[in-house]
>>> print(open('structure-v3.txt').read())   # compact mmCIF, C-alpha atoms and all ligand atoms
# COMPACT_ATOMS: atom_id res chain seq x y z
CA MET A 1 14.69 -18.79 -14.94
CA PHE A 2 12.37 -16.86 -17.24
CA ASP A 3 13.15 -13.61 -18.95
CA GLU A 4 10.66 -10.84 -19.54
CA ALA A 5 11.07 -8.81 -22.70
CA LEU A 6 12.83 -5.45 -22.49
CA ASN A 7 11.74 -2.44 -24.49
CA ASP A 8 12.12 1.29 -24.03
CA ARG A 9 8.56 1.68 -22.70
CA SER A 10 8.69 -1.24 -20.30
CA VAL A 11 8.28 -0.72 -16.58
CA CYS A 12 8.57 -3.08 -13.65
CA ILE A 13 6.65 -1.99 -10.55
CA ILE A 14 7.45 -3.61 -7.20
CA GLY A 15 4.38 -3.81 -4.97
CA ALA A 16 0.65 -4.16 -5.70
CA GLY A 17 -0.51 -1.73 -3.01
CA MET A 18 -2.25 1.50 -3.97
CA SER A 19 1.01 3.19 -5.13
CA GLY A 20 2.02 0.30 -7.40
CA LEU A 21 -1.44 -0.19 -8.89
CA VAL A 22 -1.97 3.52 -9.57
CA CYS A 23 1.49 3.76 -11.21
CA GLY A 24 0.63 0.63 -13.23
CA MET A 25 -2.75 1.97 -14.34
CA LYS A 26 -1.37 5.37 -15.39
CA LEU A 27 1.56 3.88 -17.32
CA ALA A 28 -0.57 1.16 -18.95
CA LYS A 29 -2.93 3.93 -20.07
CA ALA A 30 0.04 5.76 -21.61
CA GLY A 31 0.99 2.64 -23.60
CA PHE A 32 3.74 1.24 -21.38
CA LYS A 33 4.31 -2.48 -20.98
CA VAL A 34 3.60 -2.90 -17.27
CA SER A 35 4.71 -5.73 -14.95
CA VAL A 36 3.66 -5.45 -11.31
CA VAL A 37 5.23 -7.88 -8.82
CA GLU A 38 3.83 -8.46 -5.36
CA GLU A 39 5.27 -10.69 -2.66
CA LEU A 40 1.91 -11.41 -1.03
CA ALA A 41 -0.74 -13.68 -2.51
CA SER A 42 -3.28 -10.84 -2.82
CA PRO A 43 -3.28 -7.12 -3.69
CA GLY A 44 -3.80 -3.96 -1.65
CA GLY A 45 -0.70 -3.76 0.61
CA LEU A 46 -1.75 -1.75 3.69
CA CYS A 47 -5.19 -1.54 2.14
CA ALA A 48 -5.49 -5.34 1.69
CA TYR A 49 -8.92 -6.83 2.29
CA THR A 50 -10.52 -10.11 3.24
CA ARG A 51 -13.94 -11.70 2.87
CA ILE A 52 -16.16 -11.13 5.92
CA GLY A 53 -19.62 -12.67 5.54
CA ARG A 54 -20.89 -11.52 2.15
CA GLU A 55 -18.56 -8.49 1.94
CA TYR A 56 -14.94 -7.54 1.35
CA LEU A 57 -13.42 -5.58 4.21
CA GLU A 58 -9.97 -4.04 4.77
CA LEU A 59 -7.73 -5.76 7.35
CA VAL A 60 -6.92 -2.34 8.83
CA PRO A 61 -9.62 0.36 9.05
CA HIS A 62 -9.90 2.83 6.18
CA HIS A 63 -12.20 5.73 5.41
CA ILE A 64 -12.32 8.59 2.90
CA ARG A 65 -12.20 12.29 3.73
CA LYS A 66 -13.81 15.03 1.65
CA SER A 67 -10.30 16.50 1.31
CA ASP A 68 -8.94 13.31 -0.35
CA LYS A 69 -9.13 14.96 -3.77
CA ALA A 70 -6.69 12.61 -5.52
CA LEU A 71 -8.47 9.52 -4.17
CA LEU A 72 -11.88 10.91 -5.18
CA SER A 73 -10.66 11.78 -8.64
CA LEU A 74 -9.03 8.32 -9.06
CA SER A 75 -12.33 6.70 -8.02
CA LYS A 76 -14.07 8.72 -10.71
CA GLU A 77 -11.46 7.78 -13.32
CA MET A 78 -11.96 4.08 -12.46
CA GLY A 79 -15.78 4.41 -12.51
CA VAL A 80 -16.30 3.52 -8.83
CA ASP A 81 -17.08 7.00 -7.45
CA ASP A 82 -20.81 6.20 -7.32
CA LYS A 83 -20.00 3.48 -4.76
CA ILE A 84 -18.77 6.06 -2.22
CA LYS A 85 -21.35 6.90 0.46
CA TRP A 86 -20.89 9.64 3.05
CA PHE A 87 -21.73 9.23 6.75
CA ASP A 88 -21.84 11.54 9.79
CA THR A 89 -19.52 9.79 12.23
CA ALA A 90 -18.85 10.36 15.92
CA TRP A 91 -15.21 10.82 17.04
CA SER A 92 -13.89 11.24 20.57
CA GLY A 93 -12.11 14.52 21.16
CA ARG A 94 -12.81 18.07 20.06
CA ALA A 95 -14.33 17.65 16.58
CA SER A 96 -17.01 15.20 17.62
CA ILE A 97 -18.86 14.73 14.32
CA ARG A 98 -17.04 14.31 11.01
CA LYS A 99 -18.32 13.35 7.58
CA VAL A 100 -16.37 10.40 6.22
CA GLY A 101 -16.87 8.24 3.18
CA TYR A 102 -16.69 4.52 2.52
CA PHE A 103 -17.14 2.39 -0.60
CA ASP A 104 -20.39 0.38 -0.76
CA SER A 105 -18.35 -2.74 -1.51
CA GLY A 106 -15.14 -1.76 0.34
CA TYR A 107 -11.86 -0.59 -1.20
CA ALA A 108 -11.79 -3.94 -3.03
CA CYS A 109 -13.83 -2.32 -5.83
CA LEU A 110 -11.14 0.31 -6.49
CA ILE A 111 -8.24 -2.14 -6.20
CA SER A 112 -9.81 -4.72 -8.51
CA SER A 113 -10.71 -2.04 -11.09
CA LEU A 114 -7.05 -0.92 -11.17
CA ILE A 115 -5.86 -4.52 -11.70
CA GLN A 116 -8.49 -5.05 -14.38
CA PHE A 117 -7.35 -1.90 -16.17
CA ILE A 118 -3.67 -2.96 -16.12
CA THR A 119 -4.40 -6.44 -17.46
CA ASP A 120 -6.89 -5.15 -20.06
CA HIS A 121 -4.07 -2.95 -21.37
CA GLY A 122 -1.61 -5.82 -21.81
CA GLY A 123 0.10 -5.59 -18.42
CA HIS A 124 0.31 -8.27 -15.78
CA VAL A 125 0.28 -8.50 -12.02
CA LEU A 126 2.27 -11.35 -10.45
CA PHE A 127 1.47 -12.42 -6.89
CA SER A 128 3.51 -14.51 -4.43
CA THR A 129 6.61 -13.11 -6.14
CA THR A 130 9.25 -11.55 -3.88
CA VAL A 131 11.84 -9.21 -5.33
CA THR A 132 15.23 -10.03 -3.84
CA GLU A 133 17.51 -7.79 -5.89
CA ILE A 134 17.55 -5.00 -8.43
CA THR A 135 20.61 -4.41 -10.56
CA ALA A 136 21.44 -2.11 -13.44
CA LEU A 137 21.67 -3.56 -16.93
CA SER A 138 24.95 -2.51 -18.48
CA ALA A 139 25.05 0.39 -20.91
CA SER A 140 26.17 -2.10 -23.55
CA SER A 141 22.93 -4.13 -23.38
CA ILE A 142 20.27 -3.58 -26.05
CA LEU A 143 18.63 -0.93 -23.91
CA PRO A 144 20.06 0.17 -20.56
CA GLY A 145 17.64 -0.32 -17.72
CA TYR A 146 17.13 -2.56 -14.71
CA ARG A 147 17.00 -6.25 -13.92
CA THR A 148 14.54 -7.24 -11.17
CA THR A 149 15.26 -10.66 -9.68
CA CYS A 150 12.33 -12.36 -7.98
CA ILE A 151 11.76 -15.61 -6.12
CA LEU A 152 8.45 -17.42 -6.45
CA THR A 153 6.95 -19.45 -3.58
CA ASN A 154 8.23 -22.69 -5.16
CA SER A 155 11.78 -21.19 -5.05
CA THR A 156 11.90 -20.62 -8.82
CA ARG A 157 13.93 -17.58 -9.85
CA TYR A 158 12.22 -15.12 -12.18
CA VAL A 159 13.87 -12.17 -13.90
CA ILE A 160 12.20 -9.08 -15.34
CA ASP A 161 14.24 -6.64 -17.44
CA SER A 162 12.73 -3.21 -17.91
CA LYS A 163 13.72 0.28 -18.91
CA TYR A 164 11.99 1.88 -15.90
CA LEU A 165 11.66 0.61 -12.36
CA ILE A 166 9.33 1.80 -9.59
CA PHE A 167 9.66 0.50 -6.04
CA THR A 168 6.68 1.04 -3.69
CA GLY A 169 7.52 -0.85 -0.48
CA SER A 170 9.31 0.56 2.58
CA CYS A 171 12.52 2.60 2.25
CA ARG A 172 14.32 -0.10 4.31
CA THR A 173 13.36 -2.85 1.88
CA PHE A 174 14.46 -0.69 -1.03
CA LEU A 175 17.93 -0.29 0.51
CA ASN A 176 18.15 -4.04 1.15
CA ILE A 177 17.45 -5.03 -2.44
CA SER A 178 19.36 -2.22 -4.18
CA HIS A 179 22.83 -2.60 -2.63
CA ASN A 180 24.36 -3.33 -6.04
CA LEU A 181 23.09 -0.08 -7.55
CA ASN A 182 25.25 2.98 -7.81
CA ILE A 183 23.32 5.12 -5.30
CA PRO A 184 25.35 7.86 -3.53
CA MET A 185 26.22 6.98 0.07
CA ASP A 186 24.74 10.18 1.59
CA PHE A 187 21.46 9.41 -0.22
CA ARG A 188 21.47 5.90 1.30
CA ASP A 189 22.28 7.29 4.76
CA ILE A 190 19.33 9.70 4.71
CA MET A 191 17.00 6.95 3.53
CA MET A 192 18.35 4.62 6.22
CA ASN A 193 17.38 7.23 8.82
CA ILE A 194 13.69 6.89 7.98
CA SER A 195 12.55 4.64 10.81
CA TYR A 196 9.16 2.94 10.89
CA LYS A 197 6.62 2.12 13.56
CA ALA A 198 5.01 -1.30 13.26
CA GLY A 199 1.22 -1.63 13.36
CA ILE A 200 -1.11 -4.26 14.83
CA SER A 201 -4.77 -4.32 13.96
CA ALA A 202 -7.48 -6.68 15.24
CA LEU A 203 -10.63 -6.86 13.14
CA MET A 204 -13.46 -8.38 15.20
CA VAL A 205 -16.96 -9.35 14.12
CA LEU A 206 -19.13 -9.20 17.25
CA LYS A 207 -22.60 -10.60 17.89
CA LYS A 208 -23.70 -7.41 19.64
CA PRO A 209 -22.88 -3.73 19.24
CA THR A 210 -20.35 -2.14 21.62
CA THR A 211 -19.20 1.37 20.75
CA GLU A 212 -21.48 3.98 19.15
CA MET A 213 -18.45 5.99 18.08
CA TYR A 214 -16.62 5.61 14.82
CA SER A 215 -13.23 6.56 16.22
CA ARG A 216 -12.26 6.62 19.85
CA LYS A 217 -8.81 7.04 21.40
CA ALA A 218 -8.11 4.18 23.83
CA PRO A 219 -7.35 5.15 27.44
CA GLU A 220 -3.66 5.13 28.46
CA GLY A 221 -2.23 1.76 29.45
CA LEU A 222 -4.17 -0.40 26.99
CA PRO A 223 -2.20 -2.40 24.39
CA PHE A 224 -4.01 -0.67 21.48
CA ASP A 225 -4.31 3.08 20.74
CA ARG A 226 -7.66 3.39 19.00
CA ILE A 227 -11.05 1.70 18.71
CA ILE A 228 -12.74 2.02 15.33
CA GLY A 229 -16.45 1.25 15.30
CA HIS A 230 -16.71 0.45 11.59
CA SER A 231 -20.30 -0.83 11.85
CA ALA A 232 -21.28 2.00 14.20
CA ALA A 233 -20.58 4.33 11.27
CA PHE A 234 -21.14 2.30 8.12
CA GLY A 235 -23.64 -0.33 9.31
CA GLN A 236 -23.63 -4.13 9.55
CA ARG A 237 -23.97 -4.66 5.78
CA GLY A 238 -23.44 -8.33 4.95
CA TYR A 239 -20.71 -8.88 7.56
CA GLY A 240 -22.95 -11.07 9.70
CA GLY A 241 -22.21 -8.99 12.82
CA HIS A 242 -20.87 -5.70 14.18
CA VAL A 243 -17.36 -4.87 12.98
CA VAL A 244 -14.92 -3.22 15.40
CA TYR A 245 -11.18 -2.70 14.88
CA LEU A 246 -8.60 -2.28 17.65
CA THR A 247 -5.44 -0.67 16.27
CA GLY A 248 -2.08 -0.03 17.84
CA THR A 249 1.45 0.96 16.90
CA CYS A 250 4.60 -0.44 18.49
CA SER A 251 8.30 -0.90 18.03
CA ILE A 252 9.55 -4.29 16.82
CA THR A 253 11.47 -4.64 20.08
CA ASP A 254 8.23 -4.46 22.13
CA ASN A 255 6.96 -7.71 23.65
CA ILE A 256 3.61 -7.33 21.92
CA TRP A 257 5.27 -7.47 18.48
CA ILE A 258 6.99 -10.77 19.16
CA ALA A 259 4.02 -12.37 20.95
CA SER A 260 2.00 -15.04 19.15
CA ASP A 261 -1.21 -14.00 17.40
CA SER A 262 -3.34 -15.76 20.02
CA ASP A 263 -1.45 -14.00 22.86
CA ILE A 264 -1.92 -10.62 21.19
CA MET A 265 -5.60 -11.31 20.65
CA GLN A 266 -5.93 -12.38 24.29
CA GLN A 267 -4.31 -9.13 25.47
CA TYR A 268 -6.37 -6.99 23.10
CA PHE A 269 -9.65 -8.65 24.04
CA SER A 270 -9.03 -8.49 27.82
CA ALA A 271 -8.23 -4.79 27.48
CA PHE A 272 -11.34 -4.23 25.32
CA ARG A 273 -13.45 -5.94 28.02
CA LYS A 274 -12.28 -3.37 30.56
CA LEU A 275 -14.18 -0.84 28.45
CA TYR A 276 -17.18 -3.10 27.76
CA PRO A 277 -17.40 -5.46 30.80
CA SER A 278 -20.58 -7.22 29.64
CA LEU A 279 -18.76 -8.55 26.57
CA ARG A 280 -17.92 -12.28 26.55
CA LYS A 281 -15.43 -14.16 24.39
CA SER A 282 -18.40 -16.04 22.93
CA ASP A 283 -19.63 -12.67 21.56
CA ILE A 284 -16.77 -12.73 19.01
CA LYS A 285 -18.09 -14.38 15.83
CA SER A 286 -14.72 -14.15 14.07
CA TYR A 287 -11.54 -12.11 14.10
CA ARG A 288 -8.51 -11.39 11.94
CA LEU A 289 -5.25 -10.09 13.32
CA SER A 290 -2.80 -8.31 11.04
CA LYS A 291 0.73 -7.19 11.80
CA THR A 292 2.47 -4.67 9.56
CA ARG A 293 6.22 -4.24 10.01
CA TYR A 294 6.42 -0.95 8.07
CA ALA A 295 3.13 0.74 8.98
CA PHE A 296 4.13 4.37 9.62
CA ALA A 297 7.35 6.15 8.69
CA GLU A 298 8.39 8.35 11.60
CA LYS A 299 10.64 10.93 10.01
CA TYR A 300 10.42 12.95 6.83
CA PRO A 301 13.72 13.04 4.85
CA GLU A 302 15.52 16.35 4.27
CA ILE A 303 15.89 15.79 0.52
CA ASP A 304 13.73 14.34 -2.23
CA LEU A 305 14.56 10.62 -2.35
CA THR A 306 12.03 9.57 -4.96
CA ASN A 307 14.49 9.34 -7.87
CA PRO A 308 17.77 7.77 -6.67
CA CYS A 309 19.09 6.89 -10.17
CA GLU A 310 18.06 7.63 -13.72
CA ASP A 311 14.80 5.85 -14.64
CA LEU A 312 14.44 4.40 -11.13
CA TYR A 313 11.79 5.74 -8.74
CA VAL A 314 10.76 5.10 -5.14
CA CYS A 315 7.06 5.77 -4.62
CA ALA A 316 6.77 5.06 -0.89
CA SER A 317 4.37 6.52 1.67
CA GLY A 318 7.42 7.47 3.79
CA LEU A 319 8.37 9.99 1.11
CA THR A 320 4.95 11.53 0.50
CA SER A 321 5.01 14.85 2.32
CA SER A 322 7.27 16.32 -0.37
CA GLN A 323 3.99 16.80 -2.26
CA ALA A 324 1.51 19.66 -2.06
CA GLU A 325 1.02 19.28 1.70
CA GLY A 326 4.26 21.14 2.33
CA SER A 327 6.99 19.88 4.55
CA THR A 328 6.06 18.37 7.89
CA SER A 329 8.34 16.38 10.12
CA ILE A 330 6.19 13.21 9.95
CA PRO A 331 5.19 11.81 6.54
CA LYS A 332 1.45 11.66 5.88
CA ASN A 333 0.59 8.01 5.49
CA ARG A 334 -2.63 8.45 3.55
CA LEU A 335 -3.89 7.00 0.32
CA ASP A 336 -4.44 10.48 -1.07
CA SER A 337 -0.74 11.34 -0.63
CA VAL A 338 0.54 8.14 -2.26
CA ILE A 339 -1.88 8.52 -5.17
CA ARG A 340 -0.55 12.05 -5.72
CA LEU A 341 3.06 10.86 -5.56
CA ALA A 342 2.24 8.05 -8.02
CA GLY A 343 0.74 10.68 -10.36
CA LYS A 344 3.87 12.84 -10.15
CA ILE A 345 6.27 9.95 -10.77
CA THR A 346 4.31 8.52 -13.69
CA SER A 347 4.03 11.98 -15.33
CA GLU A 348 7.81 12.27 -15.08
CA ILE A 349 8.31 8.84 -16.70
CA ILE A 350 5.80 9.59 -19.46
CA GLY A 351 7.53 12.96 -20.07
CA ARG A 352 10.99 11.34 -20.16
CA SER A 353 9.97 8.55 -22.48
CA GLY A 354 8.26 11.07 -24.82
CA SER A 355 11.43 13.15 -25.00
CA GLN A 356 13.65 10.11 -25.63
CA ASN A 357 12.57 9.36 -29.17
CA SER A 358 10.68 6.19 -28.23
CA LEU A 359 10.61 2.96 -30.14
CA PRO A 360 7.10 1.62 -30.79
CA HIS A 361 6.83 -1.18 -28.13
CA PRO A 362 8.90 -4.03 -29.57
CA ASP A 363 9.05 -7.41 -27.85
CA ILE A 364 12.54 -8.87 -27.39
CA THR A 365 12.01 -10.98 -30.52
CA ASP A 366 11.27 -7.83 -32.55
CA LEU A 367 14.32 -5.88 -31.40
CA ALA A 368 16.56 -7.13 -34.21
CA GLU A 369 14.76 -4.69 -36.55
CA TYR A 370 15.96 -1.73 -34.49
CA ILE A 371 19.61 -2.69 -33.99
C1 LIG A 401 -3.64 1.32 10.54
C2 LIG A 401 -3.69 2.13 9.26
C3 LIG A 401 -4.86 2.81 8.93
C4 LIG A 401 -4.90 3.58 7.76
N1 LIG A 401 -6.06 4.25 7.46
C5 LIG A 401 -6.10 5.02 6.36
C6 LIG A 401 -7.30 5.72 6.01
O1 LIG A 401 -8.32 5.63 6.70
N2 LIG A 401 -7.29 6.50 4.90
C7 LIG A 401 -6.17 6.63 4.13
O2 LIG A 401 -6.20 7.36 3.14
N3 LIG A 401 -5.03 5.96 4.40
C8 LIG A 401 -4.97 5.17 5.50
N4 LIG A 401 -3.83 4.48 5.79
C9 LIG A 401 -2.66 4.62 4.91
C10 LIG A 401 -2.77 3.80 3.62
O3 LIG A 401 -3.16 2.47 3.91
C11 LIG A 401 -1.40 3.81 2.95
O4 LIG A 401 -0.98 5.13 2.75
C12 LIG A 401 -1.40 3.13 1.59
O5 LIG A 401 -2.12 1.93 1.60
C13 LIG A 401 0.06 2.90 1.17
O6 LIG A 401 0.06 2.27 -0.08
P1 LIG A 401 1.43 1.90 -0.78
O7 LIG A 401 1.08 1.18 -2.02
O8 LIG A 401 2.28 3.10 -0.90
O9 LIG A 401 2.20 0.95 0.23
P2 LIG A 401 1.81 -0.51 0.69
O10 LIG A 401 0.35 -0.61 0.86
O11 LIG A 401 2.70 -0.82 1.84
O12 LIG A 401 2.21 -1.43 -0.57
C14 LIG A 401 3.53 -1.84 -0.84
C15 LIG A 401 3.45 -3.24 -1.42
O13 LIG A 401 4.76 -3.64 -1.81
C16 LIG A 401 4.93 -5.01 -1.52
N5 LIG A 401 6.37 -5.30 -1.41
C17 LIG A 401 7.25 -4.76 -0.53
N6 LIG A 401 8.46 -5.28 -0.72
C18 LIG A 401 8.37 -6.16 -1.75
C19 LIG A 401 9.30 -7.03 -2.41
N7 LIG A 401 10.58 -7.11 -2.04
N8 LIG A 401 8.84 -7.81 -3.44
C20 LIG A 401 7.53 -7.73 -3.83
N9 LIG A 401 6.61 -6.93 -3.23
C21 LIG A 401 7.03 -6.17 -2.21
C22 LIG A 401 4.20 -5.18 -0.19
O14 LIG A 401 3.84 -6.54 0.05
C23 LIG A 401 2.98 -4.29 -0.40
O15 LIG A 401 1.88 -4.99 -0.93
C24 LIG A 401 -3.75 3.68 6.93
C25 LIG A 401 -2.59 2.97 7.25
C26 LIG A 401 -2.54 2.20 8.40
C27 LIG A 401 -1.28 1.44 8.74
>>> encode(input="structure-v3.txt", output="structure tokens")
Amino acid sequence: MFDEALNDRSVCIIGAGMSGLVCGMKLAKAGFKVSVVEELASPGGLCAYTRIGREYLELVPHHIRKSDKALLSLSKEMGVDDKIKWFDTAWSGRASIRKVGYFDSGYACLISSLIQFITDHGGHVLFSTTVTEITALSASSILPGYRTTCILTNSTRYVIDSKYLIFTGSCRTFLNISHNLNIPMDFRDIMMNISYKAGISALMVLKKPTTEMYSRKAPEGLPFDRIIGHSAAFGQRGYGGHVVYLTGTCSITDNIWIASDSDIMQQYFSAFRKLYPSLRKSDIKSYRLSKTRYAFAEKYPEIDLTNPCEDLYVCASGLTSSQAEGSTSIPKNRLDSVIRLAGKITSEIIGRSGSQNSLPHPDITDLAEYI
């Protein structure tokens, strides 16, 4: 068991998706000691990417809208705004042509610049580290705060003590790991009521082009909901073929969710062939299937759940429509919304720590001077 140092400007952030990395960057910039812990072996969360040919590409399709002001301003802050290119893209349905943006080198450029910023400012990002429990440090400890208990892939236990804690995964996971915290029961009940749809996305690299549309709703009865012609809009780049995504949502009780990856791929490809009969299996150069248990929150909570206890914050996409968008019944799962929520939460933490007569960043070994 290792112990991380505790000081009154220390923050532990659970999750290295966009929310966690933006919180980490903003707090590192404000002089906080930042520790980000991520259960997966790589960053990005829902916006995670993989190497395809000579490029990095998201496992589920992403694009930028002109209205994504927070995302555009973050890209500028991180110096990657010049990598965004805008394209006229064809969509099925009423608004047939829409201008959407995409990074020259994928979202990987933004994600890696955030990680670089955090580490350049003394923070660290730990991968393959699963948080299993968060508990409150007693008021009698040197500084009250939180203890985050993690398990590494080799089963080693790792503990991080911090004054502030930000959780960025699903509301369900938060409830599972926070049962020892003193969170009011009605608060827990409302959070428990936020149910999630799961998501399945097949990224295929094809030898020949199929769709000319960027986004097309799939006909009823197919196992996926939408066909995204990534290369139809953004080109072949260095992928070594034409990239198409098939995306669907489901419940975890549906047969498709429990099927094996090869069965899902078989079902997806057979359904795709109904739309493009000349396509053969041998036309697939490579594919990646990704399943996301908590892809879309289905219900927006009646009260603000982002700050369940003092100095503890939940920055989850399921809670995002409390922001400027006004209240809607379904949370907006968009990067722009989570970046805005991360900005609001970090401003609150910076404001609180400024008004709490801060100590100047001691390590645990230095604390004796302040006692
Ligand atoms: C199919 C699909 C398409 C989308 N397309 C777009 C788009 O085109 N444009 C757009 O703006 N948005 C899009 N989005 C939404 C966007 O991807 C999300 O809003 C955003 O990525 C959410 O980021 P996040 O950091 O809040 O959450 P996540 O990305 O879910 O990150 C949370 C992280 O926390 C980690 N974690 C959870 N529990 C633990 C634990 N116990 N211990 C350690 N780590 C933990 C997870 O592994 C994960 O990495 C899309 C989403 C989906 C599903």
>>> residues_around(input="structure-v3.txt", residues="segment 232-236 of chain A", least_positions_apart="6", cutoff="6 Å", atoms="only C-alpha atoms", output="ChimeraX atom specification")
/A:89,212,214,242
>>> closest_atom_pairs(input="structure-v3.txt", of="chain A", to="ligand LIG 401 (chain A)", cutoff="6 Å", atoms="all atoms listed in the file", output="tab-separated table")
residue	atom	partner	partner_atom	distance
A:Ile14	CA	A:LIG401	N9	5.2
A:Gly15	CA	A:LIG401	O13	3.2
A:Ala16	CA	A:LIG401	O15	5.0
A:Gly17	CA	A:LIG401	O7	3.5
A:Met18	CA	A:LIG401	O7	3.9
A:Ser19	CA	A:LIG401	O7	3.7
A:Gly20	CA	A:LIG401	O7	5.5
A:Val37	CA	A:LIG401	C20	5.5
A:Glu38	CA	A:LIG401	N9	3.8
A:Glu39	CA	A:LIG401	C20	3.9
A:Leu40	CA	A:LIG401	O14	5.3
A:Gly44	CA	A:LIG401	O15	5.8
A:Gly45	CA	A:LIG401	O15	3.2
A:Leu46	CA	A:LIG401	O10	3.7
A:Cys47	CA	A:LIG401	O5	4.7
A:Val60	CA	A:LIG401	C1	5.2
A:Pro61	CA	A:LIG401	C3	5.4
A:His62	CA	A:LIG401	O1	3.3
A:His63	CA	A:LIG401	O1	4.1
A:Ile64	CA	A:LIG401	N2	5.8
A:Thr129	CA	A:LIG401	C20	5.9
A:Thr130	CA	A:LIG401	N8	3.8
A:Val131	CA	A:LIG401	N8	3.8
A:Thr132	CA	A:LIG401	N7	5.8
A:Thr168	CA	A:LIG401	C14	5.1
A:Gly169	CA	A:LIG401	C17	3.9
A:Ala295	CA	A:LIG401	C27	4.5
A:Ala316	CA	A:LIG401	O8	4.9
A:Ser317	CA	A:LIG401	O8	4.8
A:Asn333	CA	A:LIG401	O4	4.3
A:Arg334	CA	A:LIG401	N3	3.6
A:Leu335	CA	A:LIG401	O2	3.7
A:Asp336	CA	A:LIG401	O2	5.5
A:Val338	CA	A:LIG401	O8	5.5
>>> atom_distance(input="structure-v3.txt", atom1="atom CA of Gly31 of chain A", atom2="atom CA of Ile345 of chain A")
15.7 Å
>>> residues_around(input="structure-v3.txt", residues="Lys332 of chain A", least_positions_apart="3", cutoff="8 Å", atoms="only C-alpha atoms", output="list in words")
Ser317, Gly318, Thr320, Ser321 and Ser337 of chain A
>>> closest_residue(input="structure-v3.txt", among="A:Ser113, A:Val205, A:Gly122, A:Lys26", to="Gly238 of chain A", atoms="all atoms listed in the file")
A:Val205
>>> residues_near_point(input="structure-v3.txt", point="(-15.9, -12.9, 18.3)", cutoff="8 Å", atoms="only C-alpha atoms", output="list in words")
Met204, Val205, Leu206, Lys207, Lys281, Ser282, Asp283, Ile284, Lys285, Ser286 and Tyr287 of chain A
>>> write_last_selection(input="structure-v3.txt", atoms="C-alpha atoms", output="PDB file, in the frame of the given file")
ATOM      1  CA  MET A 204     -13.460  -8.380  15.200  1.00  0.00           C
ATOM      2  CA  VAL A 205     -16.960  -9.350  14.120  1.00  0.00           C
ATOM      3  CA  LEU A 206     -19.130  -9.200  17.250  1.00  0.00           C
ATOM      4  CA  LYS A 207     -22.600 -10.600  17.890  1.00  0.00           C
ATOM      5  CA  LYS A 281     -15.430 -14.160  24.390  1.00  0.00           C
ATOM      6  CA  SER A 282     -18.400 -16.040  22.930  1.00  0.00           C
ATOM      7  CA  ASP A 283     -19.630 -12.670  21.560  1.00  0.00           C
ATOM      8  CA  ILE A 284     -16.770 -12.730  19.010  1.00  0.00           C
ATOM      9  CA  LYS A 285     -18.090 -14.380  15.830  1.00  0.00           C
ATOM     10  CA  SER A 286     -14.720 -14.150  14.070  1.00  0.00           C
ATOM     11  CA  TYR A 287     -11.540 -12.110  14.100  1.00  0.00           C
TER      12      TYR A 287
END
>>> closest_residue(input="structure-v3.txt", among="A:Pro277, A:Gly343, A:Pro209, A:Gly123", to="Ser35 of chain A", atoms="all atoms listed in the file")
A:Gly123
>>> axis_aligned_box(input="structure-v3.txt", around="segment 257-267 of chain A", padding_each_side="3 Å", output="AutoDock Vina command-line options")
--center_x 0.5 --center_y -11.6 --center_z 21.4 --size_x 18.9 --size_y 14.3 --size_z 14.1
>>> closest_residue(input="structure-v3.txt", among="A:Thr156, A:Arg147, A:Ile84, A:Ser195", to="Ile177 of chain A", atoms="only C-alpha atoms")
A:Arg147
>>> atom_distance(input="structure-v3.txt", atom1="atom CA of Glu310 of chain A", atom2="atom CA of Cys171 of chain A")
17.6 Å
>>> atom_distance(input="structure-v3.txt", atom1="atom CA of Gly229 of chain A", atom2="atom CA of Gly79 of chain A")
28.0 Å
>>> closest_residue(input="structure-v3.txt", among="A:Leu59, A:Asp82, A:Phe117, A:Met192", to="Leu246 of chain A", atoms="only C-alpha atoms")
A:Leu59
>>> residues_near_point(input="structure-v3.txt", point="(-11.5, 3.9, 27.8)", cutoff="7 Å", atoms="all atoms listed in the file", output="PDB file with C-alpha atoms, in the frame of the given file")
ATOM      1  CA  ALA A 218      -8.110   4.180  23.830  1.00  0.00           C
ATOM      2  CA  PRO A 219      -7.350   5.150  27.440  1.00  0.00           C
ATOM      3  CA  LEU A 275     -14.180  -0.840  28.450  1.00  0.00           C
TER       4      LEU A 275
END
